Each structure stands twice: as structure tokens, then as C-alpha cells.
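The file data_4.txt comes next; it holds compact mmCIF, C-alpha atoms and all ligand atoms.
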# COMPACT_ATOMS: atom_id res chain seq x y z
CA MET A 651 0.00 0.00 0.00
CA THR A 652 2.84 2.36 0.79
CA GLU A 653 4.56 1.52 -2.49
CA SER A 654 1.63 2.67 -4.61
CA ALA A 655 1.66 5.98 -2.79
CA SER A 656 4.59 7.30 -4.82
CA PRO A 657 3.69 10.61 -6.50
CA PRO A 658 2.43 10.19 -10.11
CA VAL A 659 4.38 13.26 -11.22
CA ILE A 660 7.69 11.41 -10.96
CA VAL A 661 6.40 8.49 -13.01
CA LYS A 662 5.11 10.86 -15.65
CA ALA A 663 8.42 12.68 -15.89
CA ARG A 664 10.35 9.43 -16.20
CA LYS A 665 8.12 8.22 -19.01
CA ALA A 666 8.58 11.35 -21.11
CA PRO A 667 10.70 10.47 -24.17
CA ARG A 668 12.00 13.99 -24.63
CA MET A 669 12.75 16.06 -21.56
CA THR A 670 13.67 19.28 -23.30
CA TYR A 671 11.93 21.56 -20.83
CA LYS A 672 13.08 19.66 -17.75
CA GLN A 673 16.55 19.35 -19.23
CA GLU A 674 16.61 23.05 -19.87
CA ILE A 675 15.66 23.82 -16.29
CA GLN A 676 18.30 21.39 -15.08
CA THR A 677 20.86 22.94 -17.39
CA ILE A 678 20.00 26.39 -16.09
CA LYS A 679 20.51 25.20 -12.54
CA ASN A 680 23.94 23.86 -13.38
CA LEU A 681 25.05 26.89 -15.28
CA PRO A 682 27.50 29.55 -14.27
CA ARG A 683 25.99 33.02 -14.40
CA ALA A 684 27.03 33.94 -17.95
CA GLY A 685 25.81 30.63 -19.34
CA ARG A 686 22.56 31.05 -17.49
CA LEU A 687 22.03 34.40 -19.18
CA ILE A 688 22.68 32.82 -22.58
CA VAL A 689 20.05 30.15 -21.99
CA ILE A 690 17.51 32.63 -20.67
CA MET A 691 18.03 34.83 -23.73
CA LYS A 692 17.66 31.84 -26.03
CA ILE A 693 14.41 30.86 -24.39
CA ALA A 694 13.22 34.47 -24.43
CA GLY A 695 14.08 34.66 -28.14
CA VAL A 696 12.07 31.57 -28.93
CA PHE A 697 9.21 32.93 -26.86
CA LEU A 698 9.27 36.27 -28.68
CA VAL A 699 9.24 34.54 -32.07
CA ALA A 700 6.29 32.47 -30.86
CA ILE A 701 4.43 35.68 -30.05
CA GLY A 702 5.26 36.92 -33.55
CA LEU A 703 3.89 33.72 -35.10
CA GLU A 704 0.79 34.14 -32.99
CA GLY A 705 0.42 37.51 -34.70
CA ILE A 706 0.18 35.75 -38.08
CA VAL A 707 -2.46 33.38 -36.77
CA THR A 708 -4.58 36.10 -35.24
CA GLY A 709 -4.05 38.54 -38.10
CA MET A 710 -2.30 41.05 -35.88
CA TYR A 711 0.65 41.55 -38.17
CA TRP A 712 2.19 44.32 -36.11
CA LEU A 713 2.92 41.63 -33.54
CA THR A 714 4.74 39.65 -36.19
CA LEU A 715 6.70 42.66 -37.42
CA ALA A 716 7.68 43.63 -33.91
CA PHE A 717 8.35 40.33 -32.19
CA ILE A 718 9.94 38.05 -34.79
CA PRO A 719 12.91 40.37 -35.51
CA LEU A 720 13.18 41.02 -31.77
CA GLY A 721 13.12 37.31 -30.99
CA VAL A 722 15.73 36.54 -33.62
CA PHE A 723 17.88 39.39 -32.35
CA VAL A 724 17.64 38.28 -28.74
CA SER A 725 18.48 34.68 -29.56
CA MET A 726 21.39 35.74 -31.78
CA LEU A 727 22.96 37.99 -29.14
CA PRO A 728 24.42 35.23 -26.95
CA ILE A 729 26.46 33.95 -29.91
CA ARG A 730 28.67 37.00 -29.53
CA ILE A 731 29.54 36.13 -25.97
CA LYS A 732 30.12 32.47 -26.72
CA THR A 733 33.31 31.48 -25.02
CA GLY A 734 34.09 28.22 -26.75
CA VAL A 735 33.28 26.17 -23.66
CA CYS A 736 30.30 24.07 -22.72
CA ILE A 737 27.54 26.15 -21.17
CA ALA A 738 26.85 23.45 -18.60
CA CYS A 739 30.16 21.85 -17.62
CA ARG A 740 32.63 24.35 -19.13
CA SER A 741 34.66 21.77 -21.00
CA PRO A 742 36.23 23.15 -24.20
CA LEU A 743 34.20 22.84 -27.37
CA GLU A 744 34.80 23.14 -31.08
CA PRO A 745 32.77 26.02 -32.56
CA SER A 746 30.83 23.55 -34.68
CA GLN A 747 29.83 21.30 -31.81
CA ALA A 748 26.15 21.76 -31.00
CA ILE A 749 26.15 19.18 -28.20
CA CYS A 750 28.77 18.87 -25.49
CA PRO A 751 30.68 15.60 -25.95
CA LYS A 752 31.31 15.37 -22.20
CA CYS A 753 27.96 16.04 -20.57
CA GLY A 754 25.63 16.01 -23.58
CA ALA A 755 24.20 19.43 -22.88
CA PRO A 756 22.84 21.16 -25.99
CA GLN A 757 24.72 24.39 -26.67
CA MET A 758 21.71 25.86 -28.49
ZN ZN B 801 29.32 19.90 -21.07
Please go through the file and, once you have read it, give me the structure as C-alpha cells.
Amino acid sequence: MTESASPPVIVKARKAPRMTYKQEIQTIKNLPRAGRLIVIMKIAGVFLVAIGLEGIVTGMYWLTLAFIPLGVFVSMLPIRIKTGVCIACRSPLEPSQAICPKCGAPQM
């Protein structure tokens, strides 16, 4: 009886094939401050582009014109401060490597 009392949330999370969101949160927690900022800006950029796309759907094209360039700009910014190390574990990376060979963290 006590065994079946385990919270269903944990089971659900374990079953998820992709854990992008959870992984992102975990990555953010592990990050040094600069890396954290990069990830937050990337997420913010994606979010802003999503708002822009919403503008197309709803016919509010000013949203699209305002938010898509902004979102692209915000998500491009962190590239400038890329240091050539993994954002999660800080092991050196080749510029072309999108995923850290050591810890598997996506460099986005
Ligand atoms: Zn790494």
C-alpha cells in the first residue's frame, strides 16, 4: 500500500521520451551566471518569435513585425559572448559542436 503511494508526477516525468523543458531547467541550474544568461536569452528569443507567429495566426501583423525580428535578435545575441566552452560543464568545445561531448548538454 505504501509503495503505490509514490507521487504520479515522478512516473510521468520518467516516461517522457524527450525532456527538453526539464533538461533546460536542469541545465540552467547547473550553469554559471554567464551561461545562465545565454540560456535565458535563447528561451526568451524563442518565446518572442512564438508571439510573432501568434500575430500571423490572429491577423495582428504588427505583432509579427515587432516580435519576430526582436526574438531573432535576442536569440542571436548570446552567440557574440560564446566562449568556446560548454555552457553546462565548461569543457572546451569546437565552434561547430552543438552538443557537449562530455555532458551532452545542448549548446543551443
Ligand atoms: Zn558539457
Two-atom distance - atom CA of A:Ile675, atom CA of A:Gly754 (Å): 14.6 Å
Test item: residues no farther than 8 Å from ligand ZN 801 (chain B), counting only C-alpha atoms and all ligand atoms, as number ranges by chain: A: 735-741, 749-755
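Compared by their closest atoms to A:Leu727, and using only C-alpha atoms, the residues A:Met691, A:Leu713, A:Arg686, A:Glu674 rank with A:Met691 nearest.
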Shell of 9 Å around A:Ala748, all atoms listed in the file, local chain residues under 4 positions omitted, as a PyMOL selection string: chain A and resi 743-744+755-758
Interatomic distance (Å, one decimal) between atom CA of A:Lys679 and atom CA of A:Leu720: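 Distance reported for this atom pair: 26.0 Å.
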Between atom CA of A:Ile701 and atom CA of A:Phe723, distance in Å (one decimal):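 Atom CA of A:Phe723 lies at a distance of 14.1 Å from atom CA of A:Ile701.
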Distance criterion (only C-alpha atoms): nearest to A:Ile693 out of A:Thr708, A:Thr714, A:Ser725, A:Gln747: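 Checking each of A:Thr708, A:Thr714, A:Ser725, A:Gln747 against A:Ile693, counting only C-alpha atoms, the winner is A:Ser725.
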